[in-house]
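start-v2.txt, holding compact mmCIF, C-alpha atoms and all ligand atoms:
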```txt
# COMPACT_ATOMS: atom_id res chain seq x y z
CA MET X 122 11.45 -14.87 8.17
CA PRO X 123 8.57 -12.77 6.88
CA GLU X 124 7.62 -10.13 9.46
CA LEU X 125 4.81 -7.59 9.83
CA PRO X 126 5.53 -5.59 6.65
CA ASP X 127 5.90 -8.68 4.43
CA LEU X 128 2.87 -10.36 5.96
CA THR X 129 0.74 -7.22 5.60
CA VAL X 130 1.44 -7.15 1.88
CA TYR X 131 0.61 -10.87 1.63
CA VAL X 132 -2.70 -10.24 3.45
CA GLU X 133 -3.63 -7.45 1.04
CA ALA X 134 -2.70 -9.50 -2.02
CA LEU X 135 -4.68 -12.51 -0.81
CA ASP X 136 -7.77 -10.46 0.05
CA GLU X 137 -7.72 -8.84 -3.35
CA ARG X 138 -7.68 -12.21 -5.12
CA LEU X 139 -9.77 -14.42 -2.85
CA GLN X 140 -12.58 -12.21 -1.55
CA GLY X 141 -15.85 -14.07 -2.02
CA SER X 142 -14.20 -17.12 -3.58
CA GLU X 143 -14.83 -20.70 -2.50
CA LEU X 144 -12.22 -23.15 -1.24
CA GLN X 145 -12.70 -26.03 -3.64
CA GLY X 146 -9.91 -28.30 -2.50
CA MET X 147 -6.54 -28.62 -0.85
CA THR X 148 -3.54 -30.68 -1.98
CA ILE X 149 -1.07 -31.34 0.78
CA ALA X 150 2.23 -32.54 -0.66
CA SER X 151 4.41 -32.59 2.44
CA PRO X 152 3.66 -35.02 5.28
CA PHE X 153 5.27 -32.57 7.73
CA LEU X 154 3.04 -29.63 6.92
CA LEU X 155 -0.31 -30.23 8.62
CA ARG X 156 0.02 -29.98 12.40
CA THR X 157 -3.61 -30.53 13.38
CA VAL X 158 -5.89 -33.57 13.23
CA THR X 159 -9.31 -31.91 13.49
CA PRO X 160 -11.10 -30.33 11.77
CA ALA X 161 -10.51 -32.42 8.65
CA VAL X 162 -9.57 -30.87 5.32
CA ASP X 163 -13.01 -31.88 4.03
CA ASP X 164 -14.69 -29.78 6.74
CA LEU X 165 -13.18 -26.69 5.12
CA VAL X 166 -13.75 -27.54 1.47
CA GLY X 167 -16.77 -25.82 -0.06
CA ARG X 168 -16.59 -22.85 2.32
CA ILE X 169 -16.39 -19.21 1.25
CA TYR X 170 -13.25 -17.17 1.97
CA LEU X 171 -14.05 -14.24 4.26
CA GLY X 172 -10.64 -12.64 4.64
CA CYS X 173 -7.01 -12.98 5.63
CA SER X 174 -5.30 -11.50 8.67
CA ARG X 175 -2.02 -11.70 10.56
CA LEU X 176 -1.69 -13.30 13.99
CA ALA X 177 1.82 -12.53 15.30
CA LYS X 178 3.88 -13.97 12.42
CA GLN X 179 1.17 -16.31 11.17
CA LEU X 180 -1.28 -15.77 8.32
CA VAL X 181 -4.89 -16.65 9.04
CA PHE X 182 -7.32 -17.43 6.22
CA GLU X 183 -10.88 -17.20 7.50
CA LEU X 184 -13.58 -19.34 5.89
CA GLU X 185 -17.29 -19.15 6.66
CA GLY X 186 -18.54 -20.92 9.77
CA GLU X 187 -15.47 -19.93 11.85
CA TYR X 188 -13.08 -22.23 10.04
CA PHE X 189 -9.50 -21.03 9.81
CA MET X 190 -6.33 -22.03 7.95
CA VAL X 191 -3.34 -20.83 9.97
CA ILE X 192 -0.07 -20.68 8.08
CA HIS X 193 3.35 -20.18 9.66
CA LEU X 194 5.93 -19.51 6.96
CA MET X 195 8.86 -19.83 9.41
CA ILE X 196 12.11 -18.89 7.62
CA SER X 197 11.74 -20.21 4.08
CA GLY X 198 8.00 -20.65 3.58
CA ARG X 199 6.48 -18.53 0.81
CA LEU X 200 3.17 -18.18 -1.00
CA GLN X 201 2.61 -17.95 -4.73
CA TRP X 202 -0.49 -17.15 -6.70
CA SER X 203 -1.74 -18.76 -9.88
CA GLN X 204 -4.93 -17.76 -11.59
CA THR X 205 -5.14 -21.19 -13.18
CA ALA X 206 -5.43 -24.45 -11.21
CA LYS X 207 -2.01 -25.78 -10.22
CA SER X 208 -0.52 -28.61 -8.17
CA PRO X 209 2.19 -27.97 -5.58
CA PRO X 210 5.55 -27.60 -7.37
CA LYS X 211 7.58 -30.86 -7.29
CA ARG X 212 10.53 -29.03 -5.86
CA ASN X 213 9.77 -27.20 -2.58
CA GLY X 214 5.99 -27.56 -2.86
CA LEU X 215 4.19 -28.03 0.46
CA ALA X 216 0.56 -27.51 -0.53
CA ALA X 217 -1.87 -26.00 -2.97
CA PHE X 218 -5.09 -24.33 -1.85
CA HIS X 219 -7.58 -24.44 -4.71
CA PHE X 220 -10.00 -21.51 -4.65
CA SER X 221 -12.63 -20.73 -7.26
CA THR X 222 -10.66 -17.63 -8.33
CA GLY X 223 -7.22 -19.29 -8.43
CA THR X 224 -4.64 -21.33 -6.54
CA VAL X 225 -2.49 -20.32 -3.57
CA LEU X 226 0.73 -22.36 -3.62
CA PHE X 227 2.67 -22.86 -0.40
CA THR X 228 6.39 -23.58 -0.87
CA GLU X 229 9.42 -23.89 1.37
CA ALA X 230 12.91 -23.48 -0.04
CA SER X 231 14.70 -25.44 2.66
CA LYS X 232 15.44 -29.07 3.45
CA LYS X 233 14.39 -28.46 7.03
CA LYS X 234 10.63 -28.51 6.86
CA ARG X 235 9.59 -25.95 9.46
CA ALA X 236 6.66 -24.19 7.85
CA SER X 237 3.29 -25.31 9.14
CA LEU X 238 -0.42 -25.38 8.46
CA ARG X 239 -3.04 -25.65 11.17
CA LEU X 240 -6.74 -26.09 10.51
CA VAL X 241 -8.85 -24.60 13.26
CA HIS X 242 -12.55 -24.40 14.07
CA GLY X 243 -13.93 -21.66 16.34
CA ARG X 244 -12.52 -18.35 17.48
CA GLU X 245 -11.49 -19.75 20.85
CA SER X 246 -9.26 -22.34 19.22
CA LEU X 247 -7.83 -19.61 17.01
CA ALA X 248 -7.13 -17.42 20.04
CA ALA X 249 -5.09 -20.28 21.53
CA LEU X 250 -2.60 -19.78 18.67
CA ASN X 251 -2.01 -16.16 19.64
CA PRO X 252 1.29 -15.89 21.53
CA GLY X 253 -0.02 -12.65 23.05
CA GLY X 254 2.42 -10.00 21.82
CA LEU X 255 1.28 -6.38 21.65
CA GLU X 256 0.42 -5.09 18.17
CA VAL X 257 2.72 -2.08 18.02
CA LEU X 258 0.82 -0.32 15.23
CA ASP X 259 -2.43 -0.50 17.21
CA ALA X 260 -0.88 0.51 20.53
CA ASP X 261 -0.33 3.93 22.05
CA GLU X 262 2.96 4.94 23.61
CA ALA X 263 1.82 4.22 27.18
CA ALA X 264 0.81 0.65 26.35
CA PHE X 265 4.04 0.10 24.44
CA VAL X 266 6.22 1.35 27.29
CA GLU X 267 4.30 -0.64 29.87
CA ARG X 268 4.80 -3.81 27.84
CA LEU X 269 8.48 -3.06 27.32
CA ARG X 270 9.11 -2.57 31.02
CA SER X 271 7.07 -5.58 32.04
CA VAL X 272 10.05 -7.79 31.19
CA ASN X 273 13.77 -7.40 31.65
CA HIS X 274 15.31 -8.53 28.43
CA THR X 275 17.76 -7.01 26.03
CA LEU X 276 15.87 -4.77 23.61
CA LYS X 277 16.75 -7.15 20.76
CA ARG X 278 15.09 -10.00 22.59
CA ALA X 279 12.09 -7.99 23.82
CA LEU X 280 11.24 -6.73 20.32
CA THR X 281 11.50 -10.14 18.68
CA ASP X 282 9.69 -12.24 21.30
CA GLN X 283 6.16 -12.83 19.93
CA ARG X 284 4.83 -13.06 23.48
CA ILE X 285 5.89 -9.44 24.10
CA PHE X 286 5.44 -7.73 20.73
CA ALA X 287 3.75 -9.14 17.63
CA GLY X 288 5.11 -9.34 14.11
CA ILE X 289 8.66 -8.06 14.61
CA GLY X 290 11.61 -10.36 13.96
CA ASN X 291 15.33 -10.27 13.41
CA ALA X 292 15.38 -8.02 10.36
CA TYR X 293 13.05 -5.22 11.41
CA SER X 294 14.30 -5.18 15.00
CA ASP X 295 17.77 -4.31 13.61
CA GLU X 296 16.23 -1.52 11.55
CA ILE X 297 14.10 -0.23 14.44
CA LEU X 298 16.97 -0.18 16.94
CA LEU X 299 19.25 1.74 14.60
CA ARG X 300 16.46 4.24 13.91
CA ALA X 301 15.91 4.66 17.65
CA GLN X 302 19.70 4.91 18.17
CA LEU X 303 19.50 2.34 20.93
CA SER X 304 21.81 -0.54 21.69
CA PRO X 305 20.32 -3.98 21.04
CA PHE X 306 21.85 -5.02 24.36
CA LYS X 307 20.24 -2.39 26.56
CA GLN X 308 17.92 -3.91 29.17
CA SER X 309 14.26 -3.16 28.53
CA ALA X 310 13.41 -2.56 32.20
CA LYS X 311 16.16 0.07 32.49
CA ILE X 312 15.19 2.18 29.52
CA THR X 313 14.54 5.90 30.21
CA ASP X 314 11.26 7.61 29.29
CA ALA X 315 12.93 9.45 26.42
CA GLU X 316 14.50 6.25 25.09
CA ALA X 317 11.21 4.36 25.34
CA ALA X 318 9.43 7.13 23.44
CA ARG X 319 12.14 7.02 20.75
CA LEU X 320 11.79 3.26 20.44
CA PHE X 321 8.01 3.48 20.14
CA THR X 322 8.24 6.08 17.38
CA ALA X 323 10.94 4.08 15.59
CA CYS X 324 8.80 0.92 15.69
CA GLN X 325 5.79 2.67 14.21
CA ASP X 326 7.77 4.63 11.61
CA VAL X 327 9.96 1.76 10.41
CA LEU X 328 7.10 -0.74 10.16
CA LEU X 329 4.79 1.69 8.35
CA GLU X 330 7.54 2.85 5.99
CA TRP X 331 8.32 -0.75 5.08
CA VAL X 332 4.69 -1.66 4.50
CA THR X 333 4.50 1.25 2.04
CA LEU X 334 7.82 0.33 0.44
CA LEU X 335 6.98 -3.36 0.01
CA ARG X 336 3.50 -2.53 -1.26
CA GLY X 337 5.14 -0.31 -3.87
CA LYS X 338 7.59 -3.04 -4.85
CA ALA X 339 4.76 -5.54 -5.34
CA ALA X 340 3.01 -2.92 -7.51
CA GLY X 341 -0.39 -4.63 -7.42
CA LYS X 342 1.07 -8.05 -8.28
CA PHE X 343 1.23 -10.94 -5.85
CA PRO X 344 4.49 -10.42 -3.87
CA THR X 345 7.23 -12.69 -5.25
CA LYS X 346 10.41 -11.27 -3.72
CA VAL X 347 9.71 -11.83 -0.04
CA THR X 348 13.08 -11.67 1.71
CA ALA X 349 14.60 -10.45 4.96
CA PHE X 350 17.29 -8.60 3.02
CA HIS X 351 16.69 -5.42 1.08
CA ASP X 352 19.06 -2.84 -0.39
CA GLU X 353 17.09 -0.12 1.36
CA MET X 354 17.79 -1.58 4.80
CA VAL X 355 20.16 0.39 6.97
CA ALA X 356 21.45 -2.22 9.42
CA HIS X 357 20.09 -5.67 8.73
CA GLY X 358 22.35 -7.74 6.48
CA LYS X 359 24.71 -4.78 6.09
CA TYR X 360 27.73 -6.11 8.00
CA LYS X 361 30.88 -4.11 7.12
CA GLN X 362 28.92 -1.77 4.87
CA PRO X 363 28.77 1.92 5.79
CA CYS X 364 25.87 2.96 8.02
CA LEU X 365 23.57 5.12 5.91
CA VAL X 366 23.16 7.50 8.85
CA CYS X 367 26.77 8.11 9.89
CA GLY X 368 29.04 6.18 7.51
CA ALA X 369 30.65 3.97 10.17
CA PRO X 370 30.80 0.25 9.32
CA ILE X 371 27.85 -1.83 10.46
CA GLN X 372 28.81 -4.38 13.12
CA ARG X 373 27.47 -7.82 13.79
CA ILE X 374 27.04 -10.23 16.64
CA VAL X 375 26.17 -13.87 16.15
CA TYR X 376 23.93 -15.56 18.70
CA ALA X 377 21.46 -18.44 18.84
CA GLU X 378 22.02 -19.37 15.17
CA ASN X 379 21.27 -15.79 14.32
CA GLU X 380 22.93 -12.47 13.66
CA ALA X 381 22.17 -8.98 14.87
CA ASN X 382 23.50 -5.97 13.02
CA TYR X 383 24.07 -2.59 14.61
CA CYS X 384 26.02 0.62 14.19
CA ALA X 385 28.42 1.26 17.05
CA LYS X 386 28.55 4.99 16.34
CA CYS X 387 24.76 5.45 16.21
CA GLN X 388 23.74 2.95 18.86
CA THR X 389 26.45 2.16 21.39
CA GLU X 390 28.35 5.43 21.72
CA GLY X 391 31.08 4.03 19.53
CA ARG X 392 31.67 0.99 21.70
CA LEU X 393 32.12 -2.26 19.88
CA LEU X 394 30.20 -5.01 21.50
CA ALA X 395 32.08 -5.81 24.68
CA ASP X 396 32.18 -9.26 26.26
CA ARG X 397 29.83 -8.08 28.95
CA SER X 398 27.06 -7.03 26.60
CA LEU X 399 27.64 -10.13 24.52
CA SER X 400 27.22 -12.39 27.51
CA LYS X 401 24.16 -10.38 28.53
CA LEU X 402 22.65 -11.06 25.15
CA LEU X 403 23.65 -14.70 25.16
CA LYS X 404 22.32 -15.24 28.65
CA ASP X 405 19.04 -13.59 27.80
CA ASN X 406 17.13 -16.81 28.01
CA TRP X 407 17.26 -17.46 24.28
CA PRO X 408 15.99 -20.86 23.33
CA LYS X 409 18.68 -23.16 21.91
CA ARG X 410 17.12 -22.90 18.50
CA LEU X 411 15.82 -19.55 17.34
CA GLU X 412 12.96 -21.34 15.65
CA ASP X 413 11.63 -22.25 19.09
CA LEU X 414 11.09 -18.55 19.67
CA GLU X 415 9.94 -17.81 16.15
CA ASN X 416 7.57 -20.76 16.28
CA LEU X 417 5.59 -19.31 19.19
ZN ZN X 501 25.55 4.88 12.15
```
What would you get if you wrote out this structure as structure tokens?
Amino acid sequence: MPELPDLTVYVEALDERLQGSELQGMTIASPFLLRTVTPAVDDLVGRIYLGCSRLAKQLVFELEGEYFMVIHLMISGRLQWSQTAKSPPKRNGLAAFHFSTGTVLFTEASKKKRASLRLVHGRESLAALNPGGLEVLDADEAAFVERLRSVNHTLKRALTDQRIFAGIGNAYSDEILLRAQLSPFKQSAKITDAEAARLFTACQDVLLEWVTLLRGKAAGKFPTKVTAFHDEMVAHGKYKQPCLVCGAPIQRIVYAENEANYCAKCQTEGRLLADRSLSKLLKDNWPKRLEDLENL
């Protein structure tokens, strides 16, 4: 699922192409996509694009008059750009947003249609779609630590819950925890001051580094290779491969239809995940389906 770094690069690419353009129409190809009844599509057509932003893991297109298109890509939703007018692709096409400068295509490469579009009028209605997580890149260390200790979850859960922190998901939480050399299964309320400081720095560094890296990969073009798996990642998706920090094999634990990767040498003092930490993670109030958490 696209997280803060991927979504930041989408926001930049959209702003560059849509600034000042007019929404001239919208083709919705999938009956599952639109999750709101009012305002109507027609209420948005003819309005000028004012900018794009990220709200937790959602993308928000702002149109004049406080009209918003809120897109949740979920796991397989992606955006494409076409300078010429285009219809949604037959295969995987969810919608096409026709702007005066070009078309934004919304696709989803999965049979399970999870991606969503909400049309919203007014900032209050938009605020209701904010799960409330802290924006780590805008926060100082004190605010970060306070938020972390306000709940007692495993660190893996705390980082990925959009009600606690915004924009971080399964992939970047693996990367952040390895950087911070902290176990994914450590309880957030029990973290020491030094560990909390390390986690804060790791969050900021990893997210900023990846924004820069993904921006470089897009190289001014509209991002086309949006994926949770990258060669440059240290932990995520690297099961059995040597840790780039210490050379030990990366471990994995499967939970809630998902997988966490970690390095035992760097993060758990060499301990492979014991039953106790596994059950701690499993009992950590995870929803049955991870999408329930991601969908917040
Ligand atoms: Zn390691």
Show me, as a Markdown table, the residues of range 182-252 of chain X having an atom within 12 Å of range 271-283 of chain X, each with the closest atom pair and its distance in Å, using all atoms listed in the file.
```
| residue | atom | partner | partner_atom | distance |
| --- | --- | --- | --- | --- |
| X:Leu250 | CA | X:Gln283 | CA | 11.3 |
| X:Asn251 | CA | X:Gln283 | CA | 8.8 |
| X:Pro252 | CA | X:Gln283 | CA | 6.0 |
```
If I take CA of Val132 in chain X and CA of Arg175 in chain X, how far is one from the other in Å, to one decimal?
7.3 Å
Excluding Arg319 in chain X and any residue of its chain fewer than 2 positions from it, enumerate the residues within 12 Å of it, using only C-alpha atoms, and give them as a list in words.
Glu262, Phe265, Val266, Ile297, Leu298, Leu299, Arg300, Ala301, Gln302, Leu303, Ile312, Thr313, Asp314, Ala315, Glu316, Ala317, Phe321, Thr322, Ala323, Cys324, Gln325, Asp326 and Val327 of chain X
Please, which residues have at least one atom within 6 Å of an atom of ligand ZN 501 (chain X), using all atoms listed in the file, listed as a PyMOL selection string?
chain X and resi 364+366-369+384+386-387
Report the distance between CA of Gly141 in chain X and CA of Thr345 in chain X in Å, rounded to one decimal place.
23.3 Å
Let me make sure I understand: among X:Thr333, X:Ser197, X:Thr228, X:Asn382, which one has the smallest atom-to-atom distance to Asp295 in chain X if we use only C-alpha atoms?
X:Asn382
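The smallest atom-to-atom distance between Ala339 in chain X and any of X:Thr129, X:Asn291, X:Ser221, X:Ser142, using only C-alpha atoms, is found for X:Thr129.
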Write out as an NGL selection string each polymer residue whose atoms come within 12 Å of Ala248 in chain X, counting all atoms listed in the file; drop sequence neighbours fewer than 5 positions from it.
:X and (176-177 or 181 or 187 or 189 or 191 or 241-243 or 253)
Thr157 in chain X environment, 9 Å, all atoms listed in the file, sequence neighbours closer than 2 positions dropped, as a PyMOL selection string
chain X and resi 155+159-161+238-241
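Between CA of Met122 in chain X and CA of Ile149 in chain X the separation is 22.0 Å.
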Give me the residues near range 198-213 of chain X as a list of chain:residue names, where near means some atom within 6 Å (using all atoms listed in the file) and where sequence neighbours in that chain fewer than 4 positions away do not count.
X:Leu194, X:Ala217, X:Gly223, X:Thr224, X:Val225, X:Leu226, X:Phe227, X:Thr228, X:Glu229, X:Ala230, X:Ala236
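Among the candidate residues X:Arg235, X:His351, X:His357, X:Arg168, the one lying nearest to Leu144 in chain X is X:Arg168, with distances computed using only C-alpha atoms.
Comparing the minimum interatomic distances between Gly288 in chain X and each of X:Gln145, X:Glu137, X:Gly254, X:Tyr170, counting all atoms listed in the file, we find that X:Gly254 sits nearest.
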Counting all atoms listed in the file, closest pick from X:Glu143, X:Leu128, X:Leu247, X:Ala287 relative to Val332 in chain X is X:Leu128
Residues at most 9 Å from Gln372 in chain X, counting all atoms listed in the file, excluding those fewer than 4 positions away in the same chain, as number ranges by chain?
X: 356, 359-362, 381-385, 393-394
